[in-house]
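A.B. asks: My questions all concern the structure below.
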Amino acid sequence: MLASLVLLAACAPQPGPAPATPALSSITMDRNSWGRPVSRWSIDAAGNGRYTVPEPDVYKPERLVTRSFSAGAAGFAEIRKLLASGEAHAGRELTCGDRITDQYYGTVRWAGRSLTYDMGCQDPATEEVLKGIAAAERRIAAWAANQPILETQKVESQ
């Protein structure tokens with residue numbers, strides 16, 4: 001009897017492997033305020049990226065400065081993890097509810113899929129997505145800080 005139970009247990013279906021995260025070549029994001037660029041960045045699967053910000057500040061920009069950075073494949077994986085809840089919502093509109101005006105807004109893009117966001121959204125269902133977007137922005141900015149300037153573009157007065 002014991003042998004039959006062991007044999008039966010061996011034949012029971014085993015759970016399959018967890019679904020793999022689909023391969024992704026890059027992630028890009030832009031952040032704006034009142035129609036003005038606040039930041040724009042991209043990172044590829046190898047962790048190489050570009051980060052562009054207005055200088056000296058967003059409200060009286062004289063130039064857009066682009067710096068490169070290299071965070072490695074682990075850095076790319078970190079950014080993708082921070083943005084995972086946003087990626088799960090890509091292609092759909094976020095629930096916003098009450099909105100605080102004058103907050104940053106923009107778009108995150110994952111290989112042909114995108115998510116438009118507004119940091120002023122107050123709906124609890126959106127909170128995790130927005131926290132991930134803010135964390136990814138801080139991480140990218142930290143990697144790009146003090147890196148060599150790749151490009152400077154003069155900003156026309158607005």
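In the structure tokens, the first chain shown is A, the next is B, and so on; residue numbers restart at 1 for each chain, and ligands run from 1 in the order shown.
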Residues near region 98-100 of chain A, anyone? I mean within 9 Å using only C-alpha atoms, not counting same-chain ones fewer than 3 positions away, as a ChimeraX atom specification.

C.D. replies: /A:103,118-123

A.B. asks: For Tyr51 (chain A), list every protein, DNA or RNA residue within 7 Å, evaluated using only C-alpha atoms, and leave out those in the same chain fewer than 6 positions away; present the list as number ranges by chain.

C.D. replies: A: 40-42, 66-68, 144

A.B. asks: Take the selection from the previous step and output its residues with C-alpha atoms, as a CSV table (one decimal), in the first residue's frame.

C.D. replies:
chain,number,residue,atom,x,y,z
A,40,ARG,CA,14.1,62.4,-20.4
A,41,TRP,CA,16.0,59.1,-20.1
A,42,SER,CA,16.6,55.7,-21.7
A,66,THR,CA,22.5,64.9,-21.9
A,67,ARG,CA,24.8,62.7,-20.0
A,68,SER,CA,25.6,59.0,-20.5
A,144,ALA,CA,24.0,60.0,-14.5

A.B. asks: CA of Arg80 (chain A) to CA of Leu115 (chain A): how many Å, to one decimal?

C.D. replies: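 CA of Arg80 (chain A) sits 13.6 Å away from CA of Leu115 (chain A).
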
A.B. asks: Using only C-alpha atoms, determine which residues lie at most 7 Å from region 24-37 of chain A, disregarding the query and same-chain residues fewer than 5 positions distant; provide the list as a list in words.

C.D. replies: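 In the requested format, the answer is Ser42, Ile43, Asp44, Ala45, Val58, Gln103, Tyr104, Tyr105, Gly106, Thr107, Val108, Arg109, Trp110 and Ala111 of chain A.
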
A.B. asks: Restrict the selected residues to N, CA and C atoms and save them as a PDB file, in the first residue's frame.

C.D. replies:
ATOM      1  N   SER A  42      16.771  57.081 -21.116  1.00  0.00           N
ATOM      2  CA  SER A  42      16.620  55.748 -21.709  1.00  0.00           C
ATOM      3  C   SER A  42      17.699  54.859 -21.121  1.00  0.00           C
ATOM      4  N   ILE A  43      17.377  53.573 -21.046  1.00  0.00           N
ATOM      5  CA  ILE A  43      18.354  52.581 -20.589  1.00  0.00           C
ATOM      6  C   ILE A  43      18.112  51.321 -21.417  1.00  0.00           C
ATOM      7  N   ASP A  44      19.212  50.734 -21.921  1.00  0.00           N
ATOM      8  CA  ASP A  44      19.057  49.502 -22.697  1.00  0.00           C
ATOM      9  C   ASP A  44      19.312  48.292 -21.805  1.00  0.00           C
ATOM     10  N   ALA A  45      19.104  47.109 -22.348  1.00  0.00           N
ATOM     11  CA  ALA A  45      19.202  45.878 -21.560  1.00  0.00           C
ATOM     12  C   ALA A  45      20.593  45.647 -20.995  1.00  0.00           C
ATOM     13  N   VAL A  58      14.310  73.911 -14.767  1.00  0.00           N
ATOM     14  CA  VAL A  58      13.205  73.638 -15.688  1.00  0.00           C
ATOM     15  C   VAL A  58      12.425  74.898 -16.061  1.00  0.00           C
ATOM     16  N   GLN A 103       1.716  68.930 -10.949  1.00  0.00           N
ATOM     17  CA  GLN A 103       2.674  67.851 -10.690  1.00  0.00           C
ATOM     18  C   GLN A 103       3.264  67.388 -12.029  1.00  0.00           C
ATOM     19  N   TYR A 104       4.388  66.695 -11.946  1.00  0.00           N
ATOM     20  CA  TYR A 104       5.017  66.176 -13.157  1.00  0.00           C
ATOM     21  C   TYR A 104       4.121  65.136 -13.823  1.00  0.00           C
ATOM     22  N   TYR A 105       4.274  65.026 -15.129  1.00  0.00           N
ATOM     23  CA  TYR A 105       3.541  64.025 -15.910  1.00  0.00           C
ATOM     24  C   TYR A 105       4.439  63.577 -17.055  1.00  0.00           C
ATOM     25  N   GLY A 106       4.104  62.474 -17.668  1.00  0.00           N
ATOM     26  CA  GLY A 106       4.902  62.005 -18.788  1.00  0.00           C
ATOM     27  C   GLY A 106       4.497  60.625 -19.245  1.00  0.00           C
ATOM     28  N   THR A 107       5.461  59.950 -19.886  1.00  0.00           N
ATOM     29  CA  THR A 107       5.210  58.629 -20.452  1.00  0.00           C
ATOM     30  C   THR A 107       6.407  57.726 -20.221  1.00  0.00           C
ATOM     31  N   VAL A 108       6.130  56.484 -19.847  1.00  0.00           N
ATOM     32  CA  VAL A 108       7.148  55.435 -19.760  1.00  0.00           C
ATOM     33  C   VAL A 108       6.879  54.500 -20.930  1.00  0.00           C
ATOM     34  N   ARG A 109       7.950  54.057 -21.602  1.00  0.00           N
ATOM     35  CA  ARG A 109       7.792  53.178 -22.766  1.00  0.00           C
ATOM     36  C   ARG A 109       8.631  51.919 -22.608  1.00  0.00           C
ATOM     37  N   TRP A 110       7.988  50.793 -22.893  1.00  0.00           N
ATOM     38  CA  TRP A 110       8.638  49.483 -22.899  1.00  0.00           C
ATOM     39  C   TRP A 110       8.405  48.886 -24.277  1.00  0.00           C
ATOM     40  N   ALA A 111       9.362  48.909 -25.153  1.00  0.00           N
ATOM     41  CA  ALA A 111       9.297  48.229 -26.463  1.00  0.00           C
ATOM     42  C   ALA A 111       7.915  48.257 -27.115  1.00  0.00           C
TER      43      ALA A 111
END

A.B. asks: If you run DSSP on the backbone here, which positions in chain A get helix (DSSP H, G or I)? Please write them as a ChimeraX atom specification.

C.D. replies: /A:2-11,72-82,84-89,124-144

A.B. asks: When DSSP is applied to the backbone of this structure, which of chain A are assigned strand (DSSP E or B)? Write them out as a PyMOL selection string.

C.D. replies: chain A and resi 26-33+36-44+48-55+63-70+99+105-110+113-118+121+149-154

A.B. asks: Considering only C-alpha atoms, return as a list in words whatever protein or nucleic-acid residues lie within 7 Å of Gln153 (chain A), sequence-local ones (same chain, fewer than 6 positions apart) excluded.

C.D. replies: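 The filter keeps Arg63, Leu64 and Val65 of chain A.
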
A.B. asks: Have a look at CA of Leu82 (chain A) and CA of Gln147 (chain A) and let me know their distance in Å, one decimal.

C.D. replies: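 Between CA of Leu82 (chain A) and CA of Gln147 (chain A) the gap works out to 22.6 Å.
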